[in-house]
$ cat final05.cif   # mmCIF, C-alpha atoms and all ligand atoms; chains and numbers go by the auth columns
data_model
#
loop_
_atom_site.group_PDB
_atom_site.id
_atom_site.type_symbol
_atom_site.label_atom_id
_atom_site.label_comp_id
_atom_site.label_asym_id
_atom_site.label_seq_id
_atom_site.Cartn_x
_atom_site.Cartn_y
_atom_site.Cartn_z
_atom_site.B_iso_or_equiv
_atom_site.auth_seq_id
_atom_site.auth_asym_id
ATOM 1 C CA MET A 1 53.204 -92.532 1.018 0.00 22 N
ATOM 2 C CA ASP A 2 56.380 -94.603 1.182 0.00 23 N
ATOM 3 C CA GLN A 3 57.509 -96.413 4.327 0.00 24 N
ATOM 4 C CA ASN A 4 59.624 -93.493 5.533 0.00 25 N
ATOM 5 C CA GLU A 5 56.734 -91.052 5.141 0.00 26 N
ATOM 6 C CA LEU A 6 54.509 -93.426 7.140 0.00 27 N
ATOM 7 C CA LYS A 7 57.161 -93.524 9.866 0.00 28 N
ATOM 8 C CA LYS A 8 57.330 -89.713 9.868 0.00 29 N
ATOM 9 C CA ALA A 9 53.551 -89.497 10.187 0.00 30 N
ATOM 10 C CA VAL A 10 53.431 -91.769 13.250 0.00 31 N
ATOM 11 C CA ALA A 11 56.436 -90.010 14.799 0.00 32 N
ATOM 12 C CA GLN A 12 54.667 -86.664 14.443 0.00 33 N
ATOM 13 C CA ALA A 13 51.432 -88.108 15.862 0.00 34 N
ATOM 14 C CA ALA A 14 53.299 -89.436 18.911 0.00 35 N
ATOM 15 C CA ALA A 15 55.079 -86.104 19.398 0.00 36 N
ATOM 16 C CA ASN A 16 51.727 -84.276 19.318 0.00 37 N
ATOM 17 C CA TYR A 17 50.333 -86.765 21.829 0.00 38 N
ATOM 18 C CA VAL A 18 53.282 -86.220 24.183 0.00 39 N
ATOM 19 C CA LYS A 19 53.264 -82.440 23.751 0.00 40 N
ATOM 20 C CA ASP A 20 49.618 -82.248 24.813 0.00 41 N
ATOM 21 C CA ARG A 21 50.479 -84.001 28.083 0.00 42 N
ATOM 22 C CA LEU A 22 53.661 -82.131 29.062 0.00 43 N
ATOM 23 C CA ASP A 23 54.104 -80.513 32.442 0.00 44 N
ATOM 24 C CA GLN A 24 57.170 -79.655 34.510 0.00 45 N
ATOM 25 C CA HIS A 25 57.414 -83.211 35.873 0.00 46 N
ATOM 26 C CA THR A 26 57.040 -85.132 32.615 0.00 47 N
ATOM 27 C CA VAL A 27 59.798 -87.581 31.782 0.00 48 N
ATOM 28 C CA ILE A 28 59.696 -88.937 28.216 0.00 49 N
ATOM 29 C CA GLY A 29 61.190 -92.354 27.463 0.00 50 N
ATOM 30 C CA VAL A 30 62.715 -92.384 24.001 0.00 51 N
ATOM 31 C CA GLY A 31 63.226 -95.532 21.944 0.00 52 N
ATOM 32 C CA THR A 32 65.794 -96.639 19.408 0.00 53 N
ATOM 33 C CA GLY A 33 65.669 -97.142 15.643 0.00 54 N
ATOM 34 C CA SER A 34 64.671 -95.259 12.513 0.00 55 N
ATOM 35 C CA THR A 35 61.101 -94.501 13.669 0.00 56 N
ATOM 36 C CA ALA A 36 62.297 -93.365 17.089 0.00 57 N
ATOM 37 C CA ASN A 37 64.893 -91.155 15.374 0.00 58 N
ATOM 38 C CA LEU A 38 62.099 -89.368 13.508 0.00 59 N
ATOM 39 C CA PHE A 39 60.276 -88.937 16.824 0.00 60 N
ATOM 40 C CA ILE A 40 63.429 -87.336 18.281 0.00 61 N
ATOM 41 C CA GLU A 41 63.446 -84.811 15.431 0.00 62 N
ATOM 42 C CA CYS A 42 59.832 -83.923 16.257 0.00 63 N
ATOM 43 C CA LEU A 43 60.713 -83.528 19.955 0.00 64 N
ATOM 44 C CA ALA A 44 63.373 -80.974 19.040 0.00 65 N
ATOM 45 C CA GLU A 45 60.627 -78.605 17.850 0.00 66 N
ATOM 46 C CA PHE A 46 59.432 -78.151 21.446 0.00 67 N
ATOM 47 C CA ARG A 47 62.681 -78.922 23.281 0.00 68 N
ATOM 48 C CA HIS A 48 62.315 -75.871 25.560 0.00 69 N
ATOM 49 C CA ASP A 49 59.110 -77.307 27.018 0.00 70 N
ATOM 50 C CA ILE A 50 60.683 -80.682 27.830 0.00 71 N
ATOM 51 C CA ASN A 51 61.622 -81.338 31.451 0.00 72 N
ATOM 52 C CA ALA A 52 63.613 -84.540 30.840 0.00 73 N
ATOM 53 C CA THR A 53 63.995 -87.622 28.666 0.00 74 N
ATOM 54 C CA VAL A 54 65.509 -91.043 29.321 0.00 75 N
ATOM 55 C CA ALA A 55 67.193 -92.829 26.424 0.00 76 N
ATOM 56 C CA SER A 56 66.934 -96.514 25.534 0.00 77 N
ATOM 57 C CA SER A 57 70.405 -96.621 23.948 0.00 78 N
ATOM 58 C CA GLU A 58 73.686 -94.741 23.709 0.00 79 N
ATOM 59 C CA GLU A 59 72.767 -93.837 20.116 0.00 80 N
ATOM 60 C CA THR A 60 69.464 -92.305 21.187 0.00 81 N
ATOM 61 C CA ALA A 61 71.143 -90.382 24.027 0.00 82 N
ATOM 62 C CA LYS A 62 73.655 -88.998 21.524 0.00 83 N
ATOM 63 C CA ARG A 63 70.902 -87.885 19.140 0.00 84 N
ATOM 64 C CA LEU A 64 68.857 -86.256 21.917 0.00 85 N
ATOM 65 C CA LYS A 65 71.873 -84.383 23.285 0.00 86 N
ATOM 66 C CA ALA A 66 72.895 -83.231 19.799 0.00 87 N
ATOM 67 C CA LEU A 67 69.491 -81.530 19.530 0.00 88 N
ATOM 68 C CA GLN A 68 69.844 -80.002 23.041 0.00 89 N
ATOM 69 C CA ILE A 69 67.027 -82.109 24.445 0.00 90 N
ATOM 70 C CA PRO A 70 67.673 -82.792 28.157 0.00 91 N
ATOM 71 C CA VAL A 71 68.610 -86.417 28.960 0.00 92 N
ATOM 72 C CA ILE A 72 68.762 -87.871 32.474 0.00 93 N
ATOM 73 C CA ASP A 73 69.758 -91.253 33.881 0.00 94 N
ATOM 74 C CA LEU A 74 66.792 -93.547 34.519 0.00 95 N
ATOM 75 C CA ASN A 75 67.895 -93.919 38.150 0.00 96 N
ATOM 76 C CA SER A 76 67.423 -90.166 38.628 0.00 97 N
ATOM 77 C CA ALA A 77 63.958 -90.167 37.092 0.00 98 N
ATOM 78 C CA PRO A 78 61.109 -90.183 39.621 0.00 99 N
ATOM 79 C CA GLU A 79 58.931 -91.689 36.881 0.00 100 N
ATOM 80 C CA VAL A 80 58.741 -92.273 33.146 0.00 101 N
ATOM 81 C CA THR A 81 55.495 -90.612 32.142 0.00 102 N
ATOM 82 C CA VAL A 82 55.311 -91.878 28.593 0.00 103 N
ATOM 83 C CA TYR A 83 57.647 -94.071 26.524 0.00 104 N
ATOM 84 C CA VAL A 84 57.615 -93.844 22.732 0.00 105 N
ATOM 85 C CA ASP A 85 59.354 -96.475 20.616 0.00 106 N
ATOM 86 C CA GLY A 86 59.108 -98.446 17.379 0.00 107 N
ATOM 87 C CA ALA A 87 58.809 -102.207 16.903 0.00 108 N
ATOM 88 C CA ASP A 88 59.841 -104.920 14.491 0.00 109 N
ATOM 89 C CA GLU A 89 56.464 -106.671 14.729 0.00 110 N
ATOM 90 C CA ALA A 90 53.203 -106.058 16.594 0.00 111 N
ATOM 91 C CA ASN A 91 50.022 -108.096 16.952 0.00 112 N
ATOM 92 C CA SER A 92 46.514 -106.877 17.682 0.00 113 N
ATOM 93 C CA TYR A 93 47.061 -107.464 21.436 0.00 114 N
ATOM 94 C CA LEU A 94 49.852 -104.875 21.229 0.00 115 N
ATOM 95 C CA GLN A 95 52.437 -107.552 22.007 0.00 116 N
ATOM 96 C CA LEU A 96 55.669 -106.804 20.189 0.00 117 N
ATOM 97 C CA ILE A 97 58.946 -108.123 18.880 0.00 118 N
ATOM 98 C CA LYS A 98 61.670 -105.532 19.414 0.00 119 N
ATOM 99 C CA GLY A 99 65.440 -105.486 19.332 0.00 120 N
ATOM 100 C CA GLY A 100 66.223 -105.368 15.637 0.00 121 N
ATOM 101 C CA GLY A 101 68.531 -102.505 16.587 0.00 122 N
ATOM 102 C CA GLY A 102 69.915 -104.471 19.527 0.00 123 N
ATOM 103 C CA ALA A 103 68.626 -102.134 22.246 0.00 124 N
ATOM 104 C CA LEU A 104 66.016 -104.560 23.610 0.00 125 N
ATOM 105 C CA THR A 105 67.196 -104.740 27.221 0.00 126 N
ATOM 106 C CA ARG A 106 67.236 -101.010 27.880 0.00 127 N
ATOM 107 C CA GLU A 107 63.986 -100.701 25.923 0.00 128 N
ATOM 108 C CA LYS A 108 62.386 -103.338 28.110 0.00 129 N
ATOM 109 C CA ILE A 109 63.593 -101.636 31.277 0.00 130 N
ATOM 110 C CA ILE A 110 62.079 -98.312 30.223 0.00 131 N
ATOM 111 C CA ALA A 111 58.845 -100.050 29.164 0.00 132 N
ATOM 112 C CA ALA A 112 58.678 -101.680 32.605 0.00 133 N
ATOM 113 C CA VAL A 113 58.999 -98.325 34.352 0.00 134 N
ATOM 114 C CA ALA A 114 56.776 -96.306 32.001 0.00 135 N
ATOM 115 C CA LYS A 115 53.258 -95.380 33.016 0.00 136 N
ATOM 116 C CA GLU A 116 52.295 -95.457 29.348 0.00 137 N
ATOM 117 C CA PHE A 117 54.013 -97.144 26.394 0.00 138 N
ATOM 118 C CA VAL A 118 53.157 -95.756 22.970 0.00 139 N
ATOM 119 C CA CYS A 119 54.441 -97.868 20.088 0.00 140 N
ATOM 120 C CA ILE A 120 54.779 -96.247 16.660 0.00 141 N
ATOM 121 C CA ALA A 121 55.233 -98.180 13.431 0.00 142 N
ATOM 122 C CA ASP A 122 54.372 -98.322 9.786 0.00 143 N
ATOM 123 C CA GLY A 123 51.490 -100.660 9.008 0.00 144 N
ATOM 124 C CA SER A 124 53.728 -103.419 7.618 0.00 145 N
ATOM 125 C CA LYS A 125 54.729 -104.260 11.198 0.00 146 N
ATOM 126 C CA LEU A 126 51.237 -105.484 12.163 0.00 147 N
ATOM 127 C CA VAL A 127 51.030 -109.295 11.942 0.00 148 N
ATOM 128 C CA ASP A 128 48.565 -111.991 12.995 0.00 149 N
ATOM 129 C CA VAL A 129 51.206 -114.160 14.688 0.00 150 N
ATOM 130 C CA LEU A 130 54.555 -112.874 15.963 0.00 151 N
ATOM 131 C CA GLY A 131 57.742 -114.565 14.798 0.00 152 N
ATOM 132 C CA GLN A 132 58.303 -113.940 11.122 0.00 153 N
ATOM 133 C CA PHE A 133 60.892 -111.395 12.278 0.00 154 N
ATOM 134 C CA PRO A 134 63.799 -113.233 13.978 0.00 155 N
ATOM 135 C CA LEU A 135 63.455 -112.819 17.738 0.00 156 N
ATOM 136 C CA PRO A 136 66.511 -111.086 19.293 0.00 157 N
ATOM 137 C CA VAL A 137 67.867 -112.498 22.559 0.00 158 N
ATOM 138 C CA GLU A 138 70.586 -110.640 24.492 0.00 159 N
ATOM 139 C CA VAL A 139 73.067 -113.094 26.034 0.00 160 N
ATOM 140 C CA ILE A 140 76.070 -112.891 28.366 0.00 161 N
ATOM 141 C CA PRO A 141 78.993 -113.721 26.002 0.00 162 N
ATOM 142 C CA MET A 142 80.311 -116.782 27.921 0.00 163 N
ATOM 143 C CA ALA A 143 76.827 -118.364 27.844 0.00 164 N
ATOM 144 C CA ARG A 144 76.393 -118.108 24.067 0.00 165 N
ATOM 145 C CA SER A 145 76.681 -121.830 23.196 0.00 166 N
ATOM 146 C CA HIS A 146 74.660 -122.986 26.199 0.00 167 N
ATOM 147 C CA VAL A 147 71.850 -120.547 25.439 0.00 168 N
ATOM 148 C CA ALA A 148 71.888 -121.505 21.754 0.00 169 N
ATOM 149 C CA ARG A 149 71.476 -125.211 22.646 0.00 170 N
ATOM 150 C CA GLU A 150 68.584 -124.437 25.003 0.00 171 N
ATOM 151 C CA ILE A 151 66.857 -122.344 22.325 0.00 172 N
ATOM 152 C CA VAL A 152 67.132 -125.263 19.881 0.00 173 N
ATOM 153 C CA LYS A 153 65.352 -127.428 22.500 0.00 174 N
ATOM 154 C CA LEU A 154 62.513 -124.874 22.479 0.00 175 N
ATOM 155 C CA GLY A 155 62.239 -125.224 18.693 0.00 176 N
ATOM 156 C CA GLY A 156 64.097 -122.104 17.529 0.00 177 N
ATOM 157 C CA ASP A 157 67.090 -121.666 15.220 0.00 178 N
ATOM 158 C CA PRO A 158 69.473 -119.212 16.913 0.00 179 N
ATOM 159 C CA VAL A 159 71.837 -117.205 14.713 0.00 180 N
ATOM 160 C CA TYR A 160 74.734 -115.282 16.262 0.00 181 N
ATOM 161 C CA ARG A 161 74.617 -111.586 15.251 0.00 182 N
ATOM 162 C CA GLU A 162 78.178 -111.286 13.935 0.00 183 N
ATOM 163 C CA GLY A 163 80.224 -108.278 15.004 0.00 184 N
ATOM 164 C CA PHE A 164 77.519 -106.786 17.231 0.00 185 N
ATOM 165 C CA ILE A 165 77.980 -105.914 20.899 0.00 186 N
ATOM 166 C CA THR A 166 75.105 -104.356 22.851 0.00 187 N
ATOM 167 C CA ASP A 167 75.396 -101.190 24.941 0.00 188 N
ATOM 168 C CA ASN A 168 75.610 -103.566 27.919 0.00 189 N
ATOM 169 C CA GLY A 169 78.626 -105.466 26.519 0.00 190 N
ATOM 170 C CA ASN A 170 76.673 -108.578 25.521 0.00 191 N
ATOM 171 C CA ILE A 171 75.954 -110.489 22.305 0.00 192 N
ATOM 172 C CA ILE A 172 72.693 -111.096 20.416 0.00 193 N
ATOM 173 C CA LEU A 173 71.256 -114.381 19.152 0.00 194 N
ATOM 174 C CA ASP A 174 68.523 -113.837 16.546 0.00 195 N
ATOM 175 C CA VAL A 175 66.070 -116.726 16.783 0.00 196 N
ATOM 176 C CA HIS A 176 64.528 -117.843 13.493 0.00 197 N
ATOM 177 C CA ASN A 177 61.573 -120.180 12.908 0.00 198 N
ATOM 178 C CA MET A 178 60.265 -119.936 16.464 0.00 199 N
ATOM 179 C CA SER A 179 56.561 -120.700 16.689 0.00 200 N
ATOM 180 C CA ILE A 180 55.257 -117.939 18.955 0.00 201 N
ATOM 181 C CA VAL A 181 51.626 -118.928 19.427 0.00 202 N
ATOM 182 C CA ASP A 182 51.706 -117.961 23.128 0.00 203 N
ATOM 183 C CA PRO A 183 54.020 -114.924 23.370 0.00 204 N
ATOM 184 C CA ARG A 184 53.814 -114.580 27.164 0.00 205 N
ATOM 185 C CA THR A 185 54.905 -118.188 27.690 0.00 206 N
ATOM 186 C CA THR A 186 57.703 -117.957 25.124 0.00 207 N
ATOM 187 C CA GLU A 187 58.939 -114.712 26.694 0.00 208 N
ATOM 188 C CA SER A 188 59.072 -116.369 30.130 0.00 209 N
ATOM 189 C CA GLN A 189 60.688 -119.592 28.858 0.00 210 N
ATOM 190 C CA LEU A 190 63.491 -117.702 27.137 0.00 211 N
ATOM 191 C CA ASN A 191 64.107 -115.557 30.198 0.00 212 N
ATOM 192 C CA GLN A 192 64.482 -118.720 32.310 0.00 213 N
ATOM 193 C CA ILE A 193 67.589 -119.826 30.381 0.00 214 N
ATOM 194 C CA THR A 194 70.688 -119.085 32.422 0.00 215 N
ATOM 195 C CA GLY A 195 72.816 -116.565 30.568 0.00 216 N
ATOM 196 C CA VAL A 196 69.912 -114.790 28.870 0.00 217 N
ATOM 197 C CA VAL A 197 69.767 -111.131 29.821 0.00 218 N
ATOM 198 C CA THR A 198 66.428 -110.578 28.150 0.00 219 N
ATOM 199 C CA ASN A 199 64.575 -111.302 24.933 0.00 220 N
ATOM 200 C CA GLY A 200 62.803 -109.074 22.439 0.00 221 N
ATOM 201 C CA LEU A 201 59.263 -110.292 23.142 0.00 222 N
ATOM 202 C CA PHE A 202 57.228 -107.542 24.774 0.00 223 N
ATOM 203 C CA ALA A 203 54.204 -109.626 25.736 0.00 224 N
ATOM 204 C CA LEU A 204 54.230 -109.561 29.548 0.00 225 N
ATOM 205 C CA ARG A 205 54.480 -105.770 29.244 0.00 226 N
ATOM 206 C CA PRO A 206 52.888 -104.962 25.871 0.00 227 N
ATOM 207 C CA ALA A 207 52.346 -101.470 24.484 0.00 228 N
ATOM 208 C CA ASP A 208 49.362 -99.492 25.751 0.00 229 N
ATOM 209 C CA LYS A 209 48.798 -97.725 22.467 0.00 230 N
ATOM 210 C CA LEU A 210 49.909 -98.621 18.946 0.00 231 N
ATOM 211 C CA ILE A 211 49.918 -95.877 16.320 0.00 232 N
ATOM 212 C CA LEU A 212 50.183 -97.389 12.853 0.00 233 N
ATOM 213 C CA GLY A 213 50.837 -95.515 9.637 0.00 234 N
ATOM 214 C CA THR A 214 48.900 -97.055 6.752 0.00 235 N
ATOM 215 C CA LYS A 215 48.102 -95.958 3.210 0.00 236 N
ATOM 216 C CA ASP A 216 44.572 -95.188 4.482 0.00 237 N
ATOM 217 C CA GLY A 217 45.890 -92.905 7.241 0.00 238 N
ATOM 218 C CA LEU A 218 46.816 -93.323 10.903 0.00 239 N
ATOM 219 C CA LYS A 219 45.224 -96.124 12.900 0.00 240 N
ATOM 220 C CA THR A 220 45.438 -96.239 16.674 0.00 241 N
ATOM 221 C CA LEU A 221 44.931 -99.450 18.625 0.00 242 N
ATOM 222 C CA THR A 222 44.553 -99.233 22.400 0.00 243 N
ATOM 223 C CA ARG A 223 44.786 -101.983 24.952 0.00 244 N
HETATM 224 C C1 LIG B . 65.566 -101.360 18.363 0.00 1 U
HETATM 225 C C2 LIG B . 64.121 -101.630 18.188 0.00 1 U
HETATM 226 C C3 LIG B . 63.386 -100.839 17.165 0.00 1 U
HETATM 227 O O1 LIG B . 62.286 -100.238 17.767 0.00 1 U
HETATM 228 C C4 LIG B . 62.919 -101.745 16.079 0.00 1 U
HETATM 229 O O2 LIG B . 64.034 -102.444 15.556 0.00 1 U
HETATM 230 C C5 LIG B . 62.202 -100.985 14.962 0.00 1 U
HETATM 231 O O3 LIG B . 63.120 -100.194 14.278 0.00 1 U
HETATM 232 P P1 LIG B . 62.710 -99.249 13.090 0.00 1 U
HETATM 233 O O4 LIG B . 61.928 -98.114 13.674 0.00 1 U
HETATM 234 O O5 LIG B . 64.039 -98.801 12.504 0.00 1 U
HETATM 235 O O6 LIG B . 61.887 -100.045 12.095 0.00 1 U
HETATM 236 O O7 LIG B . 63.531 -102.453 18.850 0.00 1 U
HETATM 237 O O8 LIG B . 66.162 -102.233 19.273 0.00 1 U
#
$ encode --input "final05.cif" --output "structure tokens"
Amino acid sequence: MDQNELKKAVAQAAANYVKDRLDQHTVIGVGTGSTANLFIECLAEFRHDINATVASSEETAKRLKALQIPVIDLNSAPEVTVYVDGADEANSYLQLIKGGGGALTREKIIAAVAKEFVCIADGSKLVDVLGQFPLPVEVIPMARSHVAREIVKLGGDPVYREGFITDNGNIILDVHNMSIVDPRTTESQLNQITGVVTNGLFALRPADKLILGTKDGLKTLTR
């Protein structure tokens, strides 16, 4: 199986998992990115059974609506029953780096609200130590230089994501060469910098379940 087929397999597995738990109150959180897009296509097959979804980006909302899957505002959702999203990296503690697609802040908000967070990824995303993938940090535009200097003090090399504006009107600094031996501490330190909206480490709120597509089949890790 190639990488796309592995992504399809985990997307289908997550859709089956969600479908088995649906009732009239279920609200499904839907992530952003190529794996999440495949999950959306699977959701469309049982759209008539879906009470509501909340989207982690404008792009995801557009895709859900195009397939006539009901989307509501998070503020109108009494709960998020289960949130399904991809990741750029995951470790065996189900801590993640996310935000390659730039949707990290809304993704983190939905993860915070969700009763259950199911992460889906192809097996190449599983690493021993997070940080090979540059860590995205969403920043208020006027704070860009200040935040970059503070990140250098923490040992990272911030790179401005040229020509990219988030759904919230902010910019992204992708942090290279950051040694992330203690993800929870690094997540907190970055969030303490004035001007940072959030960062792409999901360690304080990791996934609850990680479904990985590998050449030997699906592997599920649970926290
Ligand atoms: C978007 C994300 C994505 O989940 C992450 O980038 C993985 O994307 P893909 O499924 O395309 O590999 O965090 O902000």
$ resolve_selection --input "final05.cif" --expression "the PyMOL selection byres (((chain N and resi 45) around 8) and not hetatm)" --output "list of chain:residue names"
N:Leu43, N:Asp44, N:His46, N:Thr47, N:Ile71, N:Asn72
$ resolve_selection --input "final05.cif" --expression "the PyMOL selection byres (((chain N and resi 108) around 9) and not hetatm)" --output "ChimeraX atom specification"
/N:54,56,106-107,109-111,117-121,140-142,146
$ resolve_selection --input "final05.cif" --expression "the PyMOL selection byres (((chain N and resi 128) around 10) and not hetatm)" --output "mmCIF file with C-alpha atoms, in the frame of the given file"
data_model
loop_
_atom_site.group_PDB
_atom_site.id
_atom_site.type_symbol
_atom_site.label_atom_id
_atom_site.label_comp_id
_atom_site.auth_asym_id
_atom_site.auth_seq_id
_atom_site.Cartn_x
_atom_site.Cartn_y
_atom_site.Cartn_z
ATOM 1 C CA GLY N 50 61.190 -92.354 27.463
ATOM 2 C CA VAL N 51 62.715 -92.384 24.001
ATOM 3 C CA GLY N 52 63.226 -95.532 21.944
ATOM 4 C CA THR N 53 65.794 -96.639 19.408
ATOM 5 C CA ALA N 76 67.193 -92.829 26.424
ATOM 6 C CA SER N 77 66.934 -96.514 25.534
ATOM 7 C CA SER N 78 70.405 -96.621 23.948
ATOM 8 C CA TYR N 104 57.647 -94.071 26.524
ATOM 9 C CA VAL N 105 57.615 -93.844 22.732
ATOM 10 C CA ASP N 106 59.354 -96.475 20.616
ATOM 11 C CA LYS N 119 61.670 -105.532 19.414
ATOM 12 C CA GLY N 120 65.440 -105.486 19.332
ATOM 13 C CA GLY N 123 69.915 -104.471 19.527
ATOM 14 C CA ALA N 124 68.626 -102.134 22.246
ATOM 15 C CA LEU N 125 66.016 -104.560 23.610
ATOM 16 C CA THR N 126 67.196 -104.740 27.221
ATOM 17 C CA ARG N 127 67.236 -101.010 27.880
ATOM 18 C CA LYS N 129 62.386 -103.338 28.110
ATOM 19 C CA ILE N 130 63.593 -101.636 31.277
ATOM 20 C CA ILE N 131 62.079 -98.312 30.223
ATOM 21 C CA ALA N 132 58.845 -100.050 29.164
ATOM 22 C CA ALA N 133 58.678 -101.680 32.605
ATOM 23 C CA GLY N 221 62.803 -109.074 22.439
ATOM 24 C CA PHE N 223 57.228 -107.542 24.774
#
$ atom_distance --input "final05.cif" --atom1 "CA of Glu62 in chain N" --atom2 "atom O6 of ligand LIG 1 (chain U)"
15.7 Å
$ atom_distance --input "final05.cif" --atom1 "CA of Gly144 in chain N" --atom2 "CA of Arg205 in chain N"
23.0 Å
$ atom_distance --input "final05.cif" --atom1 "CA of Gln89 in chain N" --atom2 "CA of Gln33 in chain N"
18.7 Å
$ residues_around --input "final05.cif" --residues "Gly176 in chain N" --least-positions-apart "5" --cutoff "8 Å" --atoms "only C-alpha atoms" --output "list in words"
Asn198, Met199 and Ser200 of chain N
$ residues_around --input "final05.cif" --residues "Ile49 in chain N" --least-positions-apart "3" --cutoff "7 Å" --atoms "all atoms listed in the file" --output "VMD selection string"
chain N and resid 73 to 75 101 to 104
$ closest_residue --input "final05.cif" --among "N:Leu147, N:Leu239, N:Val217, N:Ile186" --to "Ile161 in chain N" --atoms "only C-alpha atoms"
N:Val217
$ residues_around --input "final05.cif" --residues "Val180 in chain N" --least-positions-apart "2" --cutoff "7 Å" --atoms "all atoms listed in the file" --output "number ranges by chain"
N: 178, 182, 194-196
$ axis_aligned_box --input "final05.cif" --around "range 166-176 of chain N" --padding-each-side "5 Å" --output "JSON"
{"center_x": 69.5, "center_y": -124.0, "center_z": 22.4, "size_x": 24.4, "size_y": 16.9, "size_z": 17.5}
$ build_atoms --input "final05.cif" --residues "range 79-85 of chain N" --atoms "all heavy atoms" --output "compact mmCIF listing (two decimals), keeping the file's coordinate frame"
# COMPACT_ATOMS: atom_id res chain seq x y z
N GLU N 79 72.65 -95.79 23.80
CA GLU N 79 73.69 -94.74 23.71
C GLU N 79 73.44 -93.90 22.47
O GLU N 79 73.63 -92.69 22.47
CB GLU N 79 75.08 -95.38 23.64
CG GLU N 79 75.46 -96.23 24.86
CD GLU N 79 75.57 -95.43 26.15
OE1 GLU N 79 75.76 -94.21 26.08
OE2 GLU N 79 75.44 -96.03 27.23
N GLU N 80 73.02 -94.54 21.37
CA GLU N 80 72.77 -93.84 20.12
C GLU N 80 71.64 -92.81 20.30
O GLU N 80 71.75 -91.66 19.85
CB GLU N 80 72.40 -94.86 19.03
CG GLU N 80 71.98 -94.29 17.70
CD GLU N 80 73.06 -93.49 16.98
OE1 GLU N 80 74.25 -93.73 17.25
OE2 GLU N 80 72.70 -92.61 16.16
N THR N 81 70.59 -93.23 20.96
CA THR N 81 69.46 -92.30 21.19
C THR N 81 69.88 -91.15 22.10
O THR N 81 69.55 -89.99 21.84
CB THR N 81 68.26 -93.09 21.76
OG1 THR N 81 67.73 -93.90 20.71
CG2 THR N 81 67.17 -92.20 22.30
N ALA N 82 70.66 -91.45 23.13
CA ALA N 82 71.14 -90.38 24.03
C ALA N 82 71.97 -89.37 23.24
O ALA N 82 71.82 -88.14 23.41
CB ALA N 82 71.97 -90.99 25.16
N LYS N 83 72.81 -89.89 22.34
CA LYS N 83 73.66 -89.00 21.52
C LYS N 83 72.79 -88.09 20.64
O LYS N 83 73.02 -86.88 20.55
CB LYS N 83 74.57 -89.87 20.65
CG LYS N 83 75.78 -89.17 20.09
CD LYS N 83 76.73 -90.16 19.47
CE LYS N 83 76.32 -90.43 18.04
NZ LYS N 83 77.12 -91.44 17.36
N ARG N 84 71.78 -88.68 20.02
CA ARG N 84 70.90 -87.88 19.14
C ARG N 84 70.12 -86.84 19.93
O ARG N 84 69.95 -85.70 19.48
CB ARG N 84 69.92 -88.80 18.41
CG ARG N 84 70.56 -89.57 17.28
CD ARG N 84 69.60 -90.59 16.69
NE ARG N 84 70.26 -91.34 15.64
CZ ARG N 84 70.23 -91.04 14.35
NH1 ARG N 84 69.52 -90.01 13.93
NH2 ARG N 84 70.88 -91.76 13.47
N LEU N 85 69.61 -87.21 21.10
CA LEU N 85 68.86 -86.26 21.92
C LEU N 85 69.76 -85.10 22.35
O LEU N 85 69.38 -83.92 22.22
CB LEU N 85 68.29 -86.96 23.16
CG LEU N 85 67.13 -87.94 22.91
CD1 LEU N 85 66.95 -88.86 24.11
CD2 LEU N 85 65.83 -87.19 22.62
